[in-house]
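J.: Handing you a structure now.
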Amino acid sequence: MDTTKATPLVEVRGLVNRFGTQTIHENLDLDIKAGEILGVVGGSGTGKSVLLRSIVGLRRPNAGSVKVFGQDLQTLPETQRSQYERRFGVLFQQGALFSSLTVTENVALPLIEHAGLSRDDAEHLASIKLALAGLPPGAGDKYPSELSGGMVKRAALARALALDPDILFLDEPTAGLDPIGAAAFDQLIKTLRDALGLSVFLVTHDLDTLYAICDRIAVLSNRKVLVADTLERVAATDNAWIQDYFHGPRGRAAAFSAHSSAPGELQS
Ligand SMILES: Nc1ncnc2c1ncn2[C@@H]1O[C@H](COP(=O)(O)OP(=O)(O)OP(=O)(O)O)[C@@H](O)[C@H]1O
């Protein structure tokens, strides 16, 4: 999709994150544009998850600002900030479902706690969200431990969608899935973006995901966003990590597979 004219929903400016003497981010800038799927990549430990946590309010950065819908969340009182933060849906790396609750109860929980729905209404709505996330009828009555890895991801996605977010944050959603399961999950994200008009911030190591669904890609390197642009422009950037990543054996395979399924797209 054309995101060039879209107004940023999220503007990260001058972000600094430190743990003790270790500096993870130093004056990092990044936008998330309305309606885009933004892929966030970088070597292990470059701070992709810390960046996600800083944006959604789970970590207070050491410096810098995070504006959401034009509002700097750091400057807001707690109650107002949490109202903005409810416009975020977050899917964590491990799914983070409560093991003692059924899948339906997991998805209903935010609806009861944050939207004030009755248990019956919340569970009814939860079953709709589970269907939206592509889970078969009956999955809702199971406990997370009874589901396959792919189904746990879908259940966690349903919970992230519970409060009808404007922006979906996904931390390595296809990690641990087999290639067919991962491709199906990618398509689900794209379908949901198209149907619900979501913006998506997606941390991934999965090159196939970048080729299949991302509108822009941000590369984290050396404590900053090195480049945030279309796949073609990012892949052409003169940087050793980028060249290795996009033009190494796995990058070539992903480009080849994307090219053979969608003629006319990027060739390596
Ligand atoms: N709570 C914490 N306390 C101390 N150090 C932390 C904490 N959280 C993250 N870090 C450190 O910050 C750095 C960035 O971590 P982060 O998880 O964001 O990396 P990442 O880019 O998501 O890595 P990966 O691709 O391996 O998941 C790492 O060196 C990590 O050890």
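Following the order of the structure tokens, chains are lettered A, B, ..., residues in each are numbered from 1, and ligands are numbered from 1.
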Check every protein, DNA and RNA residue against ligand 1, keep those with an atom at most 7 Å away (counting only C-alpha atoms and all ligand atoms), and present them as number ranges by chain.

T.: A: 19, 24, 42-51

J.: Mind the document's chain letters and residue numbers, and return as a PyMOL selection string the residues of segment 11-196 of chain A that DSSP labels helix (DSSP H, G or I).

T.: chain A and resi 48-56+73-75+78-85+103-113+119-132+139-141+144-146+149-160+179-196

J.: Using the selection just defined, write its residues with C-alpha atoms as a PDB file, in the first residue's frame.

T.:
```
ATOM      1  CA  LYS A  48      13.818  -4.381  19.018  1.00  0.00           C
ATOM      2  CA  SER A  49      11.811  -5.685  21.975  1.00  0.00           C
ATOM      3  CA  VAL A  50      12.965  -2.826  24.208  1.00  0.00           C
ATOM      4  CA  LEU A  51      11.792  -0.393  21.519  1.00  0.00           C
ATOM      5  CA  LEU A  52       8.390  -2.099  21.371  1.00  0.00           C
ATOM      6  CA  ARG A  53       8.087  -1.990  25.162  1.00  0.00           C
ATOM      7  CA  SER A  54       9.045   1.703  25.223  1.00  0.00           C
ATOM      8  CA  ILE A  55       6.352   2.581  22.684  1.00  0.00           C
ATOM      9  CA  VAL A  56       3.539   0.640  24.350  1.00  0.00           C
ATOM     10  CA  LEU A  73       2.346   9.898  26.446  1.00  0.00           C
ATOM     11  CA  GLN A  74       5.150  10.603  28.936  1.00  0.00           C
ATOM     12  CA  THR A  75       3.590  13.952  29.830  1.00  0.00           C
ATOM     13  CA  GLU A  78      -1.591   7.871  34.398  1.00  0.00           C
ATOM     14  CA  THR A  79      -5.343   7.568  33.685  1.00  0.00           C
ATOM     15  CA  GLN A  80      -5.170   9.459  30.389  1.00  0.00           C
ATOM     16  CA  ARG A  81      -2.057   7.580  29.356  1.00  0.00           C
ATOM     17  CA  SER A  82      -3.704   4.224  29.887  1.00  0.00           C
ATOM     18  CA  GLN A  83      -6.636   5.354  27.707  1.00  0.00           C
ATOM     19  CA  TYR A  84      -4.194   5.932  24.848  1.00  0.00           C
ATOM     20  CA  GLU A  85      -2.414   2.690  25.606  1.00  0.00           C
ATOM     21  CA  VAL A 103      -8.595 -19.523  25.724  1.00  0.00           C
ATOM     22  CA  THR A 104     -12.003 -17.805  25.774  1.00  0.00           C
ATOM     23  CA  GLU A 105     -11.442 -16.622  29.350  1.00  0.00           C
ATOM     24  CA  ASN A 106      -8.032 -15.259  28.355  1.00  0.00           C
ATOM     25  CA  VAL A 107      -9.554 -13.176  25.556  1.00  0.00           C
ATOM     26  CA  ALA A 108     -12.560 -12.143  27.688  1.00  0.00           C
ATOM     27  CA  LEU A 109     -10.371 -10.874  30.541  1.00  0.00           C
ATOM     28  CA  PRO A 110      -9.384  -7.492  29.036  1.00  0.00           C
ATOM     29  CA  LEU A 111     -13.021  -6.990  27.984  1.00  0.00           C
ATOM     30  CA  ILE A 112     -14.175  -7.471  31.581  1.00  0.00           C
ATOM     31  CA  GLU A 113     -11.295  -5.539  33.177  1.00  0.00           C
ATOM     32  CA  ARG A 119     -18.755 -12.114  31.817  1.00  0.00           C
ATOM     33  CA  ASP A 120     -21.380 -13.405  29.333  1.00  0.00           C
ATOM     34  CA  ASP A 121     -20.984 -10.480  26.939  1.00  0.00           C
ATOM     35  CA  ALA A 122     -17.186 -10.628  27.191  1.00  0.00           C
ATOM     36  CA  GLU A 123     -17.119 -14.344  26.407  1.00  0.00           C
ATOM     37  CA  HIS A 124     -19.496 -13.875  23.477  1.00  0.00           C
ATOM     38  CA  LEU A 125     -17.286 -11.139  22.052  1.00  0.00           C
ATOM     39  CA  ALA A 126     -14.191 -13.244  22.793  1.00  0.00           C
ATOM     40  CA  SER A 127     -15.566 -16.060  20.624  1.00  0.00           C
ATOM     41  CA  ILE A 128     -15.930 -13.579  17.742  1.00  0.00           C
ATOM     42  CA  LYS A 129     -12.317 -12.428  18.202  1.00  0.00           C
ATOM     43  CA  LEU A 130     -11.163 -16.063  18.247  1.00  0.00           C
ATOM     44  CA  ALA A 131     -12.936 -16.694  14.937  1.00  0.00           C
ATOM     45  CA  LEU A 132     -11.377 -13.505  13.539  1.00  0.00           C
ATOM     46  CA  ALA A 139     -10.656 -24.044  20.645  1.00  0.00           C
ATOM     47  CA  GLY A 140     -11.976 -21.464  23.091  1.00  0.00           C
ATOM     48  CA  ASP A 141     -12.845 -24.117  25.683  1.00  0.00           C
ATOM     49  CA  PRO A 144      -3.339 -22.850  26.299  1.00  0.00           C
ATOM     50  CA  SER A 145      -1.293 -26.004  27.065  1.00  0.00           C
ATOM     51  CA  GLU A 146      -3.758 -28.045  24.969  1.00  0.00           C
ATOM     52  CA  GLY A 149       2.097 -23.467  18.853  1.00  0.00           C
ATOM     53  CA  GLY A 150       0.270 -21.907  15.901  1.00  0.00           C
ATOM     54  CA  MET A 151      -3.042 -21.967  17.739  1.00  0.00           C
ATOM     55  CA  VAL A 152      -1.475 -20.332  20.813  1.00  0.00           C
ATOM     56  CA  LYS A 153      -0.262 -17.509  18.553  1.00  0.00           C
ATOM     57  CA  ARG A 154      -3.767 -17.104  17.159  1.00  0.00           C
ATOM     58  CA  ALA A 155      -5.269 -17.104  20.648  1.00  0.00           C
ATOM     59  CA  ALA A 156      -2.743 -14.454  21.721  1.00  0.00           C
ATOM     60  CA  LEU A 157      -3.624 -12.483  18.586  1.00  0.00           C
ATOM     61  CA  ALA A 158      -7.332 -12.704  19.471  1.00  0.00           C
ATOM     62  CA  ARG A 159      -6.503 -11.303  22.908  1.00  0.00           C
ATOM     63  CA  ALA A 160      -4.435  -8.500  21.355  1.00  0.00           C
ATOM     64  CA  PRO A 179       6.943 -22.423   7.272  1.00  0.00           C
ATOM     65  CA  ILE A 180       3.344 -23.193   6.257  1.00  0.00           C
ATOM     66  CA  GLY A 181       1.983 -22.078   9.638  1.00  0.00           C
ATOM     67  CA  ALA A 182       4.165 -18.964   9.478  1.00  0.00           C
ATOM     68  CA  ALA A 183       2.968 -18.066   5.957  1.00  0.00           C
ATOM     69  CA  ALA A 184      -0.667 -18.526   7.030  1.00  0.00           C
ATOM     70  CA  PHE A 185      -0.087 -16.293  10.059  1.00  0.00           C
ATOM     71  CA  ASP A 186       1.504 -13.619   7.836  1.00  0.00           C
ATOM     72  CA  GLN A 187      -1.542 -13.650   5.571  1.00  0.00           C
ATOM     73  CA  LEU A 188      -3.845 -13.403   8.586  1.00  0.00           C
ATOM     74  CA  ILE A 189      -2.016 -10.258   9.756  1.00  0.00           C
ATOM     75  CA  LYS A 190      -2.335  -8.740   6.297  1.00  0.00           C
ATOM     76  CA  THR A 191      -6.022  -9.643   6.032  1.00  0.00           C
ATOM     77  CA  LEU A 192      -6.725  -8.143   9.455  1.00  0.00           C
ATOM     78  CA  ARG A 193      -4.816  -4.985   8.564  1.00  0.00           C
ATOM     79  CA  ASP A 194      -6.830  -4.627   5.364  1.00  0.00           C
ATOM     80  CA  ALA A 195     -10.183  -5.478   6.981  1.00  0.00           C
ATOM     81  CA  LEU A 196      -9.791  -3.542  10.231  1.00  0.00           C
TER      82      LEU A 196
END
```

J.: From a DSSP pass on the backbone, collect the residues of segment 79-243 of chain A flagged as strand (DSSP E) and hand them back as a ChimeraX atom specification.

T.: /A:88-91,167-171,199-203,216-221,224-229

J.: Just the selected residues (C-alpha atoms), exported as a CSV table (one decimal), in the first residue's frame, please.

T.:
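What follows is the written file selection_12.csv:
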```
chain,number,residue,atom,x,y,z
A,88,PHE,CA,-2.5,-0.7,21.4
A,89,GLY,CA,-2.9,-4.4,21.0
A,90,VAL,CA,0.3,-6.3,21.9
A,91,LEU,CA,1.2,-9.9,21.0
A,167,ILE,CA,-2.2,-0.4,16.3
A,168,LEU,CA,-1.1,-3.9,16.7
A,169,PHE,CA,2.4,-4.7,18.1
A,170,LEU,CA,3.8,-8.1,17.3
A,171,ASP,CA,7.0,-9.4,18.8
A,199,SER,CA,-1.4,-0.2,11.7
A,200,VAL,CA,1.1,-2.9,12.5
A,201,PHE,CA,4.5,-2.8,14.2
A,202,LEU,CA,6.1,-6.2,13.7
A,203,VAL,CA,9.4,-7.3,15.2
A,216,ARG,CA,8.2,-0.6,5.2
A,217,ILE,CA,11.2,-2.0,7.1
A,218,ALA,CA,13.1,-0.3,9.9
A,219,VAL,CA,16.6,-1.7,10.5
A,220,LEU,CA,18.0,-1.2,14.0
A,221,SER,CA,21.8,-1.0,14.2
A,224,LYS,CA,19.6,3.8,16.1
A,225,VAL,CA,17.2,3.2,13.2
A,226,LEU,CA,19.8,2.9,10.4
A,227,VAL,CA,17.1,3.1,7.7
A,228,ALA,CA,13.3,2.9,7.5
A,229,ASP,CA,12.1,2.5,4.0
```

J.: Rounded to one decimal, what separation in Å do you get between atom CA of Thr230 of chain A and atom CA of Thr23 of chain A?

T.: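 It comes out at 27.8 Å.
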
J.: Between atom CA of Leu163 of chain A and atom CA of Leu76 of chain A, what is the spacing in Å?

T.: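 Spanning atom CA of Leu76 of chain A to atom CA of Leu163 of chain A is a straight-line distance of 21.1 Å.
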
J.: If we count only C-alpha atoms, what is near Leu15 of chain A at a cut-off of 8 Å, once residues fewer than 5 positions away on the same chain are taken out, given as a list in words?

T.: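 In the requested format, the answer is His25, Glu26, Asn27, Leu28, Asp29, Pro61, Asn62, Ala63, Gly64, Ser65 and Val66 of chain A.
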
J.: I'd like to know which of A:Gly39, A:Gln22, A:Leu147, A:Val12 is closest to Cys214 of chain A, using only C-alpha atoms.

T.: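 Between A:Gly39, A:Gln22, A:Leu147, A:Val12, the residue approaching Cys214 of chain A most closely is A:Gly39.
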
J.: Need the shell around segment 241-248 of chain A: protein/DNA/RNA residues with any atom at most 8 Å away, counting only C-alpha atoms. Skip same-chain ones fewer than 5 positions apart. Format as a ChimeraX atom specification?

T.: /A:43,207,234-236,268

J.: Take the residues that were just selected and, keeping C-alpha atoms, output them as a CSV table (one decimal), in the first residue's frame.

T.:
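Listing of result.csv after writing:
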```csv
chain,number,residue,atom,x,y,z
A,43,GLY,CA,20.8,-8.3,14.9
A,207,LEU,CA,12.7,-12.7,5.9
A,234,VAL,CA,16.5,-1.0,2.5
A,235,ALA,CA,18.0,-4.0,0.7
A,236,ALA,CA,20.0,-1.7,-1.4
A,268,SER,CA,17.7,-10.0,-5.6
```
